[in-house]
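Reproduced below: final.csv, with CSV, C-alpha atoms.
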```csv
chain,number,residue,atom,x,y,z
A,18,MET,CA,-16.4,-26.5,74.0
A,19,LEU,CA,-12.8,-27.5,73.1
A,20,MET,CA,-14.1,-29.0,69.9
A,21,LYS,CA,-15.9,-25.8,68.9
A,22,ASP,CA,-12.8,-23.7,69.7
A,23,GLY,CA,-10.8,-26.1,67.5
A,24,MET,CA,-13.2,-25.7,64.6
A,25,ASN,CA,-13.2,-21.9,64.9
A,26,SER,CA,-9.4,-22.0,64.9
A,27,ARG,CA,-9.3,-24.0,61.7
A,28,LEU,CA,-11.8,-21.7,60.1
A,29,LEU,CA,-9.7,-18.7,61.0
A,30,LEU,CA,-6.6,-20.4,59.7
A,31,ASP,CA,-8.3,-21.3,56.4
A,32,CYS,CA,-9.5,-17.8,56.1
A,33,ALA,CA,-6.0,-16.4,56.7
A,34,LYS,CA,-4.6,-18.8,54.1
A,35,SER,CA,-7.2,-17.7,51.6
A,36,CYS,CA,-6.4,-14.0,52.2
A,37,ILE,CA,-2.7,-14.6,51.8
A,38,LEU,CA,-3.2,-16.6,48.7
A,39,ALA,CA,-5.6,-14.0,47.2
A,40,SER,CA,-3.0,-11.3,47.7
A,41,SER,CA,-0.1,-13.3,46.2
A,42,PRO,CA,1.1,-12.3,42.7
A,43,VAL,CA,0.9,-15.9,41.5
A,44,PHE,CA,-2.7,-16.2,42.4
A,45,ARG,CA,-3.6,-12.8,40.8
A,46,ARG,CA,-1.9,-13.8,37.6
A,47,GLN,CA,-3.8,-17.1,37.6
A,48,GLN,CA,-7.1,-15.4,38.0
A,49,PHE,CA,-6.2,-12.9,35.3
A,50,LEU,CA,-5.4,-15.7,32.9
A,51,ILE,CA,-8.7,-17.5,33.7
A,52,ARG,CA,-10.6,-14.3,33.0
A,53,CYS,CA,-8.8,-13.8,29.7
A,54,VAL,CA,-9.5,-17.4,28.6
A,55,GLU,CA,-13.2,-17.1,29.6
A,56,GLY,CA,-13.4,-13.7,27.9
A,57,SER,CA,-11.8,-15.1,24.7
A,58,ILE,CA,-14.4,-17.9,24.5
A,59,ASP,CA,-17.3,-15.6,24.8
A,60,HIS,CA,-15.9,-12.5,23.0
A,61,PRO,CA,-12.9,-13.2,20.7
A,62,PRO,CA,-10.6,-10.2,21.2
A,63,HIS,CA,-10.2,-7.8,18.4
A,64,SER,CA,-12.1,-10.1,16.0
A,65,ARG,CA,-13.7,-7.1,14.2
A,66,ASP,CA,-10.2,-5.5,13.9
A,67,MET,CA,-8.8,-8.7,12.3
A,68,GLN,CA,-11.6,-8.9,9.8
A,69,ALA,CA,-11.1,-5.3,8.9
A,70,LEU,CA,-7.4,-5.8,8.3
A,71,ARG,CA,-8.0,-8.9,6.2
A,72,SER,CA,-10.3,-7.0,4.0
A,73,ILE,CA,-7.6,-4.5,3.1
A,74,GLU,CA,-4.7,-6.9,3.0
A,75,VAL,CA,-2.7,-6.4,-0.2
A,76,ASP,CA,-0.9,-9.0,-2.3
A,77,SER,CA,2.5,-7.5,-1.5
A,78,GLU,CA,4.4,-10.1,-3.5
A,79,SER,CA,2.5,-9.2,-6.6
A,80,VAL,CA,3.3,-5.6,-6.0
A,81,ILE,CA,7.0,-6.3,-5.6
A,82,ARG,CA,7.1,-8.4,-8.8
A,83,ALA,CA,5.2,-5.7,-10.7
A,84,ILE,CA,7.5,-2.8,-9.8
A,85,THR,CA,10.9,-4.4,-9.6
A,86,PRO,CA,12.8,-3.7,-12.8
A,87,ALA,CA,14.4,-6.4,-14.8
A,88,LEU,CA,18.2,-6.4,-14.8
A,89,ASP,CA,19.1,-5.0,-18.2
A,90,PRO,CA,22.7,-5.0,-19.6
A,91,THR,CA,21.9,-1.9,-21.7
A,92,ARG,CA,21.2,0.2,-18.7
A,93,HIS,CA,23.8,2.5,-17.1
A,94,LYS,CA,24.8,3.4,-13.6
A,95,GLY,CA,22.0,5.2,-11.7
A,96,GLN,CA,19.0,4.1,-13.7
A,97,ALA,CA,18.1,1.5,-11.1
A,98,GLY,CA,18.0,4.1,-8.4
A,99,ASN,CA,20.0,7.0,-6.9
A,100,ILE,CA,19.0,7.5,-3.3
A,101,ALA,CA,20.2,10.1,-0.8
A,102,VAL,CA,19.9,9.9,3.0
A,103,ILE,CA,19.8,13.2,4.9
A,104,GLY,CA,21.0,12.4,8.5
A,105,GLY,CA,23.9,11.5,10.7
A,106,CYS,CA,25.3,13.6,13.5
A,107,ARG,CA,27.8,13.2,16.4
A,108,GLU,CA,25.5,10.9,18.4
A,109,TYR,CA,23.9,8.9,15.6
A,110,THR,CA,25.9,7.3,12.8
A,111,GLY,CA,24.3,3.9,12.5
A,112,ALA,CA,20.9,4.9,11.4
A,113,PRO,CA,21.9,6.7,8.2
A,114,TYR,CA,24.2,3.9,7.3
A,115,PHE,CA,21.5,1.3,7.8
A,116,ALA,CA,19.1,3.3,5.5
A,117,ALA,CA,21.7,3.9,2.8
A,118,ILE,CA,23.2,0.4,2.7
A,119,SER,CA,19.7,-1.1,2.6
A,120,ALA,CA,18.9,0.9,-0.5
A,121,LEU,CA,22.0,-0.7,-2.2
A,122,LYS,CA,21.1,-4.2,-0.9
A,123,ILE,CA,17.6,-3.9,-2.4
A,124,GLY,CA,19.1,-2.9,-5.8
A,125,ALA,CA,19.7,0.8,-6.0
A,126,ASP,CA,22.8,1.7,-8.0
A,127,LEU,CA,24.0,4.6,-5.9
A,128,SER,CA,23.4,5.6,-2.3
A,129,HIS,CA,24.5,8.9,-0.7
A,130,VAL,CA,24.6,10.2,2.9
A,131,PHE,CA,24.6,13.9,3.7
A,132,CYS,CA,25.7,14.2,7.3
A,133,THR,CA,27.6,16.4,9.7
A,134,LYS,CA,31.4,16.7,9.4
A,135,ASN,CA,32.3,14.7,12.4
A,136,ALA,CA,29.8,11.9,11.6
A,137,ALA,CA,31.2,11.5,8.1
A,138,PRO,CA,34.5,9.6,8.9
A,139,VAL,CA,32.6,7.1,11.0
A,140,ILE,CA,29.9,6.4,8.4
A,141,LYS,CA,32.6,6.1,5.7
A,142,SER,CA,34.4,3.6,7.8
A,143,TYR,CA,31.3,1.3,7.8
A,144,SER,CA,31.3,0.8,4.0
A,145,PRO,CA,33.2,2.1,1.0
A,146,GLU,CA,30.0,1.5,-1.0
A,147,LEU,CA,28.4,4.7,0.2
A,148,ILE,CA,29.0,8.2,-1.1
A,149,VAL,CA,29.3,10.4,2.1
A,150,HIS,CA,29.0,14.2,2.0
A,151,PRO,CA,30.2,15.9,5.2
A,152,VAL,CA,28.2,19.1,4.7
A,153,LEU,CA,25.7,19.5,7.5
A,154,GLU,CA,26.5,21.7,10.6
A,155,GLU,CA,25.2,21.8,14.2
A,156,SER,CA,24.7,24.8,16.4
A,157,TYR,CA,27.8,24.3,18.5
A,158,SER,CA,30.0,24.9,15.5
A,159,VAL,CA,28.2,27.9,14.1
A,160,GLY,CA,28.2,31.4,15.4
A,161,GLU,CA,25.0,33.5,15.3
A,162,GLU,CA,26.5,35.8,12.7
A,163,ASN,CA,27.4,33.0,10.4
A,164,LYS,CA,24.2,31.0,10.4
A,165,ARG,CA,22.7,32.6,7.2
A,166,SER,CA,25.9,32.1,5.1
A,167,ILE,CA,26.4,28.6,6.3
A,168,THR,CA,22.8,27.6,5.6
A,169,SER,CA,23.3,29.0,2.0
A,170,LYS,CA,26.5,27.0,1.7
A,171,VAL,CA,24.8,23.7,2.8
A,172,LEU,CA,21.9,24.3,0.4
A,173,ALA,CA,24.3,24.9,-2.5
A,174,GLU,CA,26.2,21.7,-1.7
A,175,VAL,CA,23.1,19.5,-1.7
A,176,ASP,CA,21.4,21.3,-4.6
A,177,LYS,CA,24.1,20.5,-7.0
A,178,TRP,CA,23.3,16.9,-6.5
A,179,MET,CA,19.6,17.2,-6.1
A,180,GLU,CA,18.4,16.6,-9.7
A,181,ARG,CA,20.3,13.3,-9.8
A,182,PHE,CA,18.3,11.8,-6.9
A,183,ASN,CA,15.2,9.5,-7.4
A,184,CYS,CA,14.3,9.8,-3.7
A,185,LEU,CA,15.4,11.5,-0.5
A,186,VAL,CA,15.3,9.8,2.9
A,187,VAL,CA,15.1,12.5,5.6
A,188,GLY,CA,15.7,11.8,9.3
A,189,PRO,CA,17.7,8.7,10.2
A,190,GLY,CA,20.3,9.8,12.8
A,191,LEU,CA,19.5,13.4,12.2
A,192,GLY,CA,19.2,14.5,15.8
A,193,ARG,CA,17.3,17.5,17.0
A,194,ASP,CA,19.8,20.3,16.9
A,195,PRO,CA,17.9,23.5,16.1
A,196,PHE,CA,20.2,24.9,13.4
A,197,LEU,CA,20.6,21.5,11.7
A,198,LEU,CA,16.8,21.1,11.6
A,199,ASP,CA,16.4,24.5,10.1
A,200,CYS,CA,18.9,23.6,7.3
A,201,VAL,CA,17.1,20.3,6.7
A,202,SER,CA,13.7,22.2,6.5
A,203,GLU,CA,15.2,24.2,3.6
A,204,LEU,CA,16.4,21.0,1.9
A,205,VAL,CA,12.9,19.5,2.1
A,206,ARG,CA,11.5,22.6,0.5
A,207,HIS,CA,14.0,22.5,-2.3
A,208,ALA,CA,13.3,18.8,-2.9
A,209,ARG,CA,9.7,19.5,-3.0
A,210,GLN,CA,10.2,22.3,-5.6
A,211,SER,CA,12.2,19.8,-7.7
A,212,ASN,CA,9.3,17.2,-7.4
A,213,ILE,CA,11.6,14.6,-5.8
A,214,PRO,CA,9.9,12.0,-3.5
A,215,ILE,CA,10.8,12.2,0.2
A,216,VAL,CA,10.6,9.5,2.8
A,217,ILE,CA,10.6,10.9,6.3
A,218,ASP,CA,11.6,8.8,9.3
A,219,GLY,CA,13.1,9.2,12.7
A,220,ASP,CA,14.0,12.8,13.7
A,221,GLY,CA,12.6,13.9,10.4
A,222,LEU,CA,9.2,13.0,11.8
A,223,PHE,CA,9.9,15.2,14.8
A,224,LEU,CA,10.7,18.0,12.4
A,225,VAL,CA,7.6,17.5,10.2
A,226,THR,CA,5.2,17.1,13.2
A,227,ASN,CA,6.2,20.5,14.4
A,228,ASN,CA,6.0,22.0,10.9
A,229,LEU,CA,3.4,20.2,8.9
A,230,ASP,CA,3.5,22.7,6.1
A,231,LEU,CA,6.8,21.2,5.0
A,232,VAL,CA,4.9,18.2,3.5
A,233,ARG,CA,1.2,19.3,3.6
A,234,GLY,CA,-0.4,18.7,0.2
A,235,TYR,CA,2.8,17.0,-1.3
A,236,PRO,CA,1.7,13.7,-2.8
A,237,LEU,CA,5.3,12.4,-3.1
A,238,ALA,CA,5.9,12.6,0.6
A,239,VAL,CA,5.9,9.5,2.8
A,240,LEU,CA,5.9,9.4,6.6
A,241,THR,CA,6.9,6.2,8.4
A,242,PRO,CA,6.0,6.7,12.1
A,243,ASN,CA,6.4,4.1,14.8
A,244,VAL,CA,3.9,3.9,17.7
A,245,ASN,CA,5.1,7.0,19.6
A,246,GLU,CA,5.6,9.1,16.4
A,247,TYR,CA,2.2,8.2,15.2
A,248,LYS,CA,0.6,9.1,18.5
A,249,ARG,CA,2.2,12.6,18.3
A,250,LEU,CA,1.0,13.0,14.7
A,251,VAL,CA,-2.6,12.1,15.6
A,252,GLN,CA,-2.6,14.4,18.6
A,253,LYS,CA,-1.2,17.3,16.5
A,254,VAL,CA,-3.3,16.8,13.3
A,255,LEU,CA,-6.5,15.3,14.6
A,256,SER,CA,-6.5,16.7,18.1
A,257,SER,CA,-7.4,13.2,19.4
A,258,GLU,CA,-5.9,10.0,20.7
A,259,VAL,CA,-4.9,6.9,18.7
A,260,ASN,CA,-7.9,4.8,17.9
A,261,ASP,CA,-6.8,1.2,17.5
A,262,VAL,CA,-10.4,-0.1,17.2
A,263,ASP,CA,-10.9,1.7,13.9
A,264,ALA,CA,-7.2,2.1,12.9
A,265,PRO,CA,-7.7,2.1,9.1
A,266,LYS,CA,-10.4,4.8,9.2
A,267,GLN,CA,-8.3,7.0,11.5
A,268,LEU,CA,-5.2,6.6,9.3
A,269,LEU,CA,-7.2,7.5,6.2
A,270,SER,CA,-8.4,10.7,8.0
A,271,LEU,CA,-4.9,11.6,9.1
A,272,ALA,CA,-3.4,11.3,5.6
A,273,LYS,CA,-6.3,13.2,4.1
A,274,LYS,CA,-5.9,16.0,6.7
A,275,ILE,CA,-2.3,16.4,5.8
A,276,GLY,CA,-3.2,16.9,2.2
A,277,GLY,CA,-2.7,13.4,0.7
A,278,VAL,CA,0.7,12.5,1.9
A,279,THR,CA,1.3,8.8,2.3
A,280,ILE,CA,1.6,7.4,5.8
A,281,LEU,CA,3.0,4.0,6.7
A,282,ARG,CA,1.9,3.3,10.2
A,283,LYS,CA,4.3,0.6,11.6
A,284,GLY,CA,2.8,-2.0,13.9
A,285,ASN,CA,1.9,-5.7,14.1
A,286,SER,CA,0.3,-5.1,10.8
A,287,ASP,CA,1.7,-2.2,8.8
A,288,LEU,CA,-1.0,0.1,7.5
A,289,VAL,CA,-0.5,2.4,4.5
A,290,SER,CA,-2.8,5.2,3.4
A,291,ASP,CA,-2.6,8.2,1.0
A,292,GLY,CA,-6.0,9.6,2.1
A,293,ASP,CA,-7.8,7.8,-0.7
A,294,THR,CA,-7.2,4.1,0.1
A,295,VAL,CA,-5.8,2.0,3.0
A,296,LYS,CA,-3.7,-1.1,2.5
A,297,SER,CA,-2.5,-3.6,5.1
A,298,VAL,CA,0.7,-5.7,5.1
A,299,SER,CA,0.5,-8.5,7.7
A,300,ILE,CA,3.3,-10.9,6.6
A,301,TYR,CA,4.9,-12.4,9.7
A,302,GLY,CA,8.3,-10.9,10.3
A,303,SER,CA,10.3,-11.6,13.5
A,304,PRO,CA,9.7,-11.4,17.3
A,305,ARG,CA,13.1,-9.9,17.6
A,306,ARG,CA,12.7,-6.1,17.9
A,307,CYS,CA,16.3,-4.9,17.6
A,308,GLY,CA,16.8,-1.2,16.8
A,309,GLY,CA,17.5,-0.1,13.3
A,310,GLN,CA,14.7,-1.9,11.5
A,311,GLY,CA,12.9,1.4,10.8
A,312,ASP,CA,16.0,2.6,9.0
A,313,ILE,CA,16.0,-0.5,6.8
A,314,LEU,CA,12.4,0.2,6.0
A,315,SER,CA,13.0,3.8,5.0
A,316,GLY,CA,15.8,2.9,2.7
A,317,SER,CA,13.8,0.1,1.2
A,318,VAL,CA,10.7,2.2,0.7
A,319,ALA,CA,12.8,4.8,-1.1
A,320,VAL,CA,14.1,2.3,-3.7
A,321,PHE,CA,10.7,0.7,-4.3
A,322,LEU,CA,9.0,4.1,-4.5
A,323,SER,CA,11.5,5.1,-7.2
A,324,TRP,CA,10.9,1.9,-9.1
A,325,ALA,CA,7.2,2.2,-8.9
A,326,ARG,CA,7.3,5.8,-10.1
A,327,GLN,CA,9.5,4.8,-13.1
A,328,ARG,CA,7.0,2.0,-13.8
A,329,MET,CA,4.0,4.3,-13.6
A,330,LEU,CA,5.6,7.0,-15.8
A,331,ALA,CA,6.7,4.5,-18.4
A,332,ALA,CA,4.9,5.0,-21.7
A,333,ASP,CA,4.4,1.2,-22.2
A,334,SER,CA,3.3,0.6,-18.6
A,335,ASN,CA,0.5,-2.0,-18.7
A,336,SER,CA,0.4,-2.8,-15.0
A,337,ASN,CA,-2.7,-4.5,-13.8
A,338,LEU,CA,-2.2,-3.3,-10.2
A,339,SER,CA,-5.3,-1.8,-8.7
A,340,CYS,CA,-3.3,0.9,-6.9
A,341,LYS,CA,-1.4,3.3,-9.2
A,342,ASN,CA,0.1,5.6,-6.5
A,343,PRO,CA,3.9,4.9,-6.4
A,344,THR,CA,4.2,6.1,-2.8
A,345,VAL,CA,1.6,3.5,-1.6
A,346,LEU,CA,3.2,0.8,-3.8
A,347,GLY,CA,6.7,1.7,-2.4
A,348,CYS,CA,5.4,1.4,1.1
A,349,VAL,CA,3.7,-1.9,0.6
A,350,ALA,CA,6.8,-3.4,-1.1
A,351,GLY,CA,9.2,-2.0,1.5
A,352,SER,CA,7.2,-3.3,4.4
A,353,ALA,CA,6.9,-6.7,2.9
A,354,ILE,CA,10.5,-7.1,2.0
A,355,LEU,CA,11.7,-6.0,5.5
A,356,ARG,CA,9.3,-8.5,7.2
A,357,LYS,CA,10.6,-11.3,5.0
A,358,ALA,CA,14.2,-10.4,5.6
A,359,ALA,CA,13.6,-10.2,9.3
A,360,SER,CA,12.0,-13.6,9.3
A,361,LEU,CA,14.9,-15.2,7.4
A,362,ALA,CA,17.4,-13.5,9.7
A,363,PHE,CA,15.6,-14.8,12.8
A,364,LEU,CA,15.6,-18.4,11.5
A,365,LYS,CA,19.4,-18.2,11.4
A,366,LYS,CA,20.2,-16.1,14.4
A,367,LYS,CA,17.2,-16.3,16.8
A,368,ARG,CA,17.8,-14.1,19.8
A,369,SER,CA,21.1,-12.8,18.6
A,370,THR,CA,19.6,-11.3,15.4
A,371,VAL,CA,20.7,-7.7,14.9
A,372,THR,CA,20.0,-5.1,12.2
A,373,GLY,CA,23.0,-6.1,10.1
A,374,ASP,CA,21.8,-9.7,9.9
A,375,ILE,CA,18.4,-8.5,8.5
A,376,ILE,CA,20.2,-6.3,5.9
A,377,GLU,CA,22.2,-9.3,4.7
A,378,CYS,CA,18.8,-11.1,4.1
A,379,LEU,CA,17.3,-8.4,1.9
A,380,GLY,CA,18.8,-9.7,-1.3
A,381,GLN,CA,17.6,-13.2,-0.8
A,382,SER,CA,14.2,-12.0,0.2
A,383,LEU,CA,13.8,-10.1,-3.0
A,384,GLU,CA,15.3,-12.9,-5.1
A,385,ASP,CA,12.7,-15.4,-3.6
A,386,ILE,CA,9.9,-13.1,-4.9
A,387,SER,CA,11.3,-11.6,-8.0
A,388,PRO,CA,14.2,-13.7,-9.4
A,389,ALA,CA,17.0,-11.7,-11.1
A,390,SER,CA,17.5,-14.3,-13.9
```
Take the structure I supplied and represent it as structure tokens, if you would.
Amino acid sequence: MLMKDGMNSRLLLDCAKSCILASSPVFRRQQFLIRCVEGSIDHPPHSRDMQALRSIEVDSESVIRAITPALDPTRHKGQAGNIAVIGGCREYTGAPYFAAISALKIGADLSHVFCTKNAAPVIKSYSPELIVHPVLEESYSVGEENKRSITSKVLAEVDKWMERFNCLVVGPGLGRDPFLLDCVSELVRHARQSNIPIVIDGDGLFLVTNNLDLVRGYPLAVLTPNVNEYKRLVQKVLSSEVNDVDAPKQLLSLAKKIGGVTILRKGNSDLVSDGDTVKSVSIYGSPRRCGGQGDILSGSVAVFLSWARQRMLAADSNSNLSCKNPTVLGCVAGSAILRKAASLAFLKKKRSTVTGDIIECLGQSLEDISPAS
């Protein structure tokens, strides 16, 4: 009888131990990992997705070499690119600086920033290389009775420079002030009338998502959404959720639905589509996800887009590139160069890598692909 009671006690104790073990976080994680490993053996995760991406992977280095202009002593200032960033407010001064200085580091001759008055001294203090225009206004400094006249004044200030620009970057550090966004909407319309390419990032995407007619049907518009910005675009335009299983097809539909704008969907692999084709850039970059890399990308895309457009418009252009759309080529080149620069920066700085470190590697990354000499 005592022996039987002892056996029952041990069974109860073992059962209690098993229950405690099964409920422990460590045990649950172990079981999860076992299931993942077993599942990966039977069903390789996302194998169809990877095959689809490989099939649309573009030779980005060939694109960069094809569109990067040779350094020519007979050229004058501005011919290698004159870029303008529309952004910068009280809260955000770093983003427009990152975009504008990246354009210079890639090889543009001139880089402008049009920002609010109180953001201008801060941005100017970052670098004397940038031309900073303190012309934008926010609601707190504008009375209701003055809004129309001030909007006209802002447009006049930017318009007198507009014809000099090869590309606008709209959105880095822009903020979401209603009056400021209204002014920028007018600037986008003016740029479009002047047939100037526009790269839209950051808060510019918030603006465009809520007013798609600003870019609808404009083939020289580029949108560069991150995960959350892309989700909002898909919900607004396609009335559906993001489909990662067939991401290229959904991106193609999205670009087509907005009238042939080019969309650079940022992710593990960057996807680019103009509604006719889809390209993938999967060069490994960096595991360090410091803020500001999207600003580097927007400035880089602006320069490469400008160069690609010049190349395609050149009378003696004999490019053998399969894609002839300068917005797609600019996105491919900008994505690749950022990834290469991020990789170089991470090799040097590891966990301490910040956006400035990546910017300093842009020149070397381009030189490695398309030597200046």
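Among A:Arg368, A:Val345, A:Val102, A:Ile81, the residue with the shortest atom-to-atom distance to Ala120 of chain A, counting only C-alpha atoms, is A:Val102.
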Spatial neighbours of Glu74 of chain A, 8 Å, all atoms listed in the file, chain gap at least 4 places, as a ChimeraX atom specification: /A:70,296-299
Residue contacts of segment 140-148 of chain A (10 Å, only C-alpha atoms) excluding same-chain residues fewer than 2 positions away, as a ChimeraX atom specification: /A:101,105-106,109-115,117-118,121,127-132,135-138,150
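Among the candidates A:Gly351, A:Gly276, A:Pro86, A:Gly104, the one nearest to Leu204 of chain A when counting all atoms listed in the file is A:Gly104.
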Counting only C-alpha atoms, the residue of A:Ala358, A:Val187, A:Val254, A:Leu240 that sits nearest Gly221 of chain A: A:Val187
Nearby residues (only C-alpha atoms) at most 7 Å from Val216 of chain A, same-chain spacing under 6 positions excluded, as a PyMOL selection string: chain A and resi 185-187+238-240+315+319
Between atom CA of Gly234 of chain A and atom CA of Lys341 of chain A - distance in Å to one decimal: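 So the two atoms, atom CA of Lys341 of chain A and atom CA of Gly234 of chain A, lie 18.1 Å apart.
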For atom CA of Phe182 of chain A and atom CA of Lys94 of chain A, the interatomic separation in Å (one decimal):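 Straight-line distance from atom CA of Phe182 of chain A to atom CA of Lys94 of chain A works out to 12.6 Å.
The interatomic distance for the pair atom CA of Val201 of chain A and atom CA of Met329 of chain A works out to 29.0 Å.
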